[in-house]
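Have a look at entry_18.cif; it's mmCIF, C-alpha atoms and all ligand atoms:
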data_input
loop_
_atom_site.label_atom_id
_atom_site.label_comp_id
_atom_site.auth_asym_id
_atom_site.auth_seq_id
_atom_site.Cartn_x
_atom_site.Cartn_y
_atom_site.Cartn_z
CA MET A 1 1.45 -2.64 1.05
CA THR A 2 -0.42 -4.85 3.45
CA LEU A 3 -3.09 -3.04 5.42
CA LEU A 4 -3.41 -4.02 9.02
CA GLY A 5 -6.77 -5.74 9.32
CA GLY A 6 -9.40 -4.28 11.60
CA ALA A 7 -7.65 -1.10 12.62
CA ALA A 8 -9.47 2.20 11.92
CA GLN A 9 -6.12 3.93 11.53
CA CYS A 10 -2.61 2.72 10.96
CA ARG A 11 0.74 4.18 10.04
CA LEU A 12 2.30 3.60 6.64
CA SER A 13 5.52 2.58 8.37
CA ASP A 14 3.60 -0.27 10.06
CA CYS A 15 2.23 -1.37 6.66
CA VAL A 16 5.78 -1.36 5.29
CA ALA A 17 6.97 -3.42 8.24
CA ALA A 18 4.13 -5.91 7.67
CA THR A 19 4.99 -6.18 3.95
CA LEU A 20 8.78 -6.41 4.16
CA GLY A 21 10.74 -8.94 6.16
CA ASP A 22 10.92 -12.71 6.42
CA LYS A 23 8.07 -15.16 5.92
CA VAL A 24 8.27 -18.94 6.27
CA LEU A 25 6.51 -20.47 3.27
CA ASP A 26 3.60 -22.66 4.34
CA ILE A 27 2.72 -26.16 3.29
CA GLY A 28 1.47 -25.96 -0.27
CA GLU A 29 3.76 -23.08 -1.21
CA GLU A 30 7.13 -24.74 -0.59
CA TRP A 31 10.18 -23.82 -2.63
CA ARG A 32 11.56 -26.46 -4.99
CA CYS A 33 15.26 -26.91 -4.32
CA SER A 34 17.35 -26.61 -7.49
CA GLY A 35 19.90 -29.08 -6.07
CA CYS A 36 17.77 -32.10 -5.16
CA ASN A 37 14.50 -31.03 -6.82
CA LYS A 38 12.58 -31.60 -3.57
CA ALA A 39 9.96 -29.26 -2.18
CA VAL A 40 11.43 -27.76 0.96
CA GLN A 41 10.02 -25.32 3.48
CA ALA A 42 11.97 -22.11 2.93
CA THR A 43 12.03 -18.54 4.17
CA LEU A 44 11.03 -15.81 1.76
CA SER A 45 12.80 -12.51 2.42
CA THR A 46 11.34 -9.29 1.02
CA CYS A 47 13.45 -6.17 1.29
CA ILE A 48 14.37 -3.00 -0.57
CA VAL A 49 18.06 -2.82 -1.36
CA ALA A 50 18.22 0.24 -3.64
CA PRO A 51 15.70 3.06 -3.10
CA PRO A 52 13.96 4.13 -6.34
CA ALA A 53 13.90 7.79 -7.43
CA VAL A 54 10.10 7.58 -7.65
CA LEU A 55 8.25 5.28 -5.28
CA PHE A 56 4.69 4.12 -5.90
CA VAL A 57 2.93 2.70 -2.85
CA HIS A 58 -0.16 0.61 -3.53
CA LEU A 59 -2.37 0.20 -0.48
CA SER A 60 -4.05 -3.22 -0.63
CA ARG A 61 -7.57 -2.00 0.04
CA PHE A 62 -9.25 -5.15 -1.27
CA GLU A 63 -8.83 -8.60 0.19
CA GLN A 64 -10.44 -11.74 -1.19
CA ARG A 65 -11.56 -14.35 1.27
CA VAL A 66 -12.54 -17.78 0.07
CA GLN A 67 -14.90 -19.61 2.40
CA VAL A 68 -14.84 -23.33 1.82
CA HIS A 69 -18.21 -24.98 2.41
CA GLN A 70 -18.39 -28.06 4.57
CA GLN A 71 -19.41 -30.15 1.58
CA VAL A 72 -16.37 -31.29 -0.34
CA GLY A 73 -15.89 -29.32 -3.52
CA ALA A 74 -18.55 -26.74 -2.78
CA ALA A 75 -16.80 -23.41 -2.28
CA ALA A 76 -18.86 -20.31 -1.56
CA PRO A 77 -18.26 -17.35 -3.88
CA PRO A 78 -15.19 -15.43 -2.71
CA GLN A 79 -15.98 -12.55 -0.37
CA VAL A 80 -14.16 -9.33 -1.14
CA GLN A 81 -13.54 -7.10 1.83
CA ARG A 82 -12.59 -3.45 1.55
CA HIS A 83 -10.17 -2.18 4.18
CA SER A 84 -11.28 1.28 5.26
CA ALA A 85 -8.38 2.13 7.57
CA VAL A 86 -7.00 5.64 7.31
CA VAL A 87 -3.28 5.27 6.67
CA THR A 88 -1.15 8.10 8.00
CA TRP A 89 2.35 9.08 6.93
CA ASP A 90 4.65 12.07 6.90
CA VAL A 91 3.77 13.65 3.55
CA ASN A 92 6.98 15.71 3.52
CA GLY A 93 9.38 13.10 4.88
CA PHE A 94 8.33 9.47 4.73
CA THR A 95 11.13 7.14 5.78
CA LEU A 96 11.55 3.96 3.73
CA PRO A 97 13.64 1.34 5.54
CA LEU A 98 16.33 -0.36 3.46
CA GLN A 99 18.03 -3.70 3.93
CA GLY A 100 20.40 -3.43 6.84
CA THR A 101 19.52 -0.86 9.45
CA PRO A 102 20.02 1.99 10.05
CA LYS A 103 19.99 2.76 6.32
CA ALA A 104 16.84 4.49 5.11
CA ALA A 105 15.65 6.81 2.34
CA GLN A 106 13.45 9.88 2.71
CA TYR A 107 10.53 10.55 0.38
CA SER A 108 8.13 13.42 -0.12
CA THR A 109 4.66 12.78 -1.51
CA THR A 110 3.86 14.38 -4.85
CA ALA A 111 0.49 12.82 -5.70
CA VAL A 112 -2.22 10.64 -4.17
CA SER A 113 -4.79 8.62 -6.09
CA ASN A 114 -8.06 7.91 -4.28
CA HIS A 115 -10.64 5.22 -4.93
CA HIS A 116 -14.22 5.68 -3.74
CA GLY A 117 -16.70 2.81 -3.83
CA GLY A 118 -16.37 -0.94 -4.09
CA LEU A 119 -14.73 -3.49 -6.32
CA GLY A 120 -17.59 -3.60 -8.81
CA GLY A 121 -17.78 0.14 -9.35
CA GLY A 122 -16.33 3.33 -8.05
CA HIS A 123 -14.82 6.70 -8.72
CA TYR A 124 -11.23 7.88 -8.79
CA THR A 125 -10.01 11.27 -7.63
CA ALA A 126 -6.50 12.59 -7.07
CA ALA A 127 -4.56 15.10 -5.06
CA VAL A 128 -1.45 16.55 -6.66
CA ARG A 129 1.30 18.77 -5.40
CA ALA A 130 0.96 21.91 -7.43
CA PRO A 131 3.85 24.26 -6.65
CA GLY A 132 2.78 27.88 -6.74
CA SER A 133 -0.88 27.16 -6.06
CA ALA A 134 -2.70 28.84 -3.19
CA GLY A 135 -2.99 27.33 0.29
CA SER A 136 -1.06 24.16 1.05
CA GLY A 137 0.50 23.80 -2.39
CA TRP A 138 -1.84 20.88 -3.07
CA ALA A 139 -4.79 20.68 -5.43
CA ALA A 140 -7.68 18.21 -5.52
CA ALA A 141 -8.59 16.86 -8.96
CA ASN A 142 -12.04 15.36 -9.50
CA ASP A 143 -13.04 14.80 -13.13
CA SER A 144 -12.88 18.24 -14.76
CA SER A 145 -12.71 20.10 -11.43
CA VAL A 146 -9.38 21.17 -9.87
CA GLN A 147 -9.59 22.97 -6.53
CA PRO A 148 -6.84 24.10 -4.14
CA LEU A 149 -6.59 22.11 -0.90
CA ASN A 150 -6.42 24.26 2.21
CA THR A 151 -4.16 21.89 4.08
CA ASP A 152 -2.14 18.82 3.17
CA ALA A 153 -3.74 17.10 6.19
CA SER A 154 -6.86 16.60 4.07
CA LEU A 155 -4.84 14.28 1.80
CA GLN A 156 -5.12 11.34 4.17
CA SER A 157 -8.39 9.43 4.08
CA ALA A 158 -9.88 5.95 3.83
CA ALA A 159 -10.05 6.48 0.05
CA ASN A 160 -6.25 6.65 -0.44
CA TYR A 161 -5.22 3.95 -2.90
CA LEU A 162 -1.94 4.85 -4.63
CA LEU A 163 0.74 7.14 -3.27
CA CYS A 164 3.38 8.67 -5.52
CA MET A 165 6.56 9.79 -3.80
CA GLU A 166 9.85 11.34 -4.87
CA LYS A 167 13.13 10.57 -3.20
CA GLN A 168 14.66 13.51 -1.42
CA GLN A 169 18.29 14.30 -2.21
ZN ZN B 1 17.97 -29.80 -1.86
#

Is it possible to give me this structure as structure tokens?
Amino acid sequence: MTLLGGAAQCRLSDCVAATLGDKVLDIGEEWRCSGCNKAVQATLSTCIVAPPAVLFVHLSRFEQRVQVHQQVGAAAPPQVQRHSAVVTWDVNGFTLPLQGTPKAAQYSTTAVSNHHGGLGGGHYTAAVRAPGSAGSGWAAANDSSVQPLNTDASLQSAANYLLCMEKQQ
């Protein structure tokens, strides 16, 4: 999912809206027509037609920016930027829009993978829904340590990287 640049906080539904939808393909990425074999400017439509039973959401935390130097042919090394926005969503009832409103599917989050650090090195932790455990029903896993989470509100942070969701019946 596309993260909204610059914002300290954004909603997952806004990321979904920024990822899905129509995009006019720019010059240099035209579509080659199968009829006349010419490169034509086309519209790329991205939508979800059939909701999956298990939905993995990858938050695009890293963005590569190529800065072209004024001298021809001399490109600076690509700059990788980490988006640190806290993405918020309804853990127990995230709504995934489907093609053709007002159809939608409801998902509950079952696990969250977190990435701490940069592109060159970092550390992964996870939060998992652990039915029957004390507190919120969630547990935090960090290497060999597994601790109950007091509240599912502590799931959402700038480290969130992958979200695992199950479709509600
Ligand atoms: Zn054509």

Near ligand ZN 1 (chain B), 6 Å: chain A residue rows, closest pairs, all atoms listed in the file, as CSV:
residue,atom,partner,partner_atom,distance
A:Cys33,CA,B:ZN1,ZN,4.7
A:Gly35,CA,B:ZN1,ZN,4.7
A:Cys36,CA,B:ZN1,ZN,4.0
A:Lys38,CA,B:ZN1,ZN,5.9

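By all atoms listed in the file, and with residues fewer than 5 positions from Ala158 (chain A) along its chain excluded, the set lying at most 9 Å from it is Ala8, Gln9, His83, Ser84, Ala85, Val86, Val87, Asn114, His115 and His116 of chain A.
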
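Comparing A:Leu44, A:Gln106, A:Val16, A:Gln99 by their smallest distance to Gln169 (chain A), the closest is A:Gln106 (using only C-alpha atoms).
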
TODO: Go through A:Pro52, A:Ala159, A:Ala139, A:Lys167 one by one, measure the shortest atom-to-atom distance of each to Gly122 (chain A) using only C-alpha atoms, and give the residue with the smallest value.
DONE: A:Ala159

Task: Selection near His58 (chain A), 12 Å with all atoms listed in the file, sequence-local residues under 3 positions removed, as a PyMOL selection string - done: chain A and resi 1-3+12+15-16+19+55+61-62+87+112-115+160-165

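Residue nearest Leu98 (chain A), chosen from A:Ser144, A:Ser136, A:Ser60, A:Thr46 and counting only C-alpha atoms: A:Thr46.
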
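The spacing separating CA of Ala111 (chain A) from CA of Phe56 (chain A) amounts to 9.7 Å.
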
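Take CA of Arg65 (chain A) and CA of Gln79 (chain A): the distance between them is 5.0 Å.
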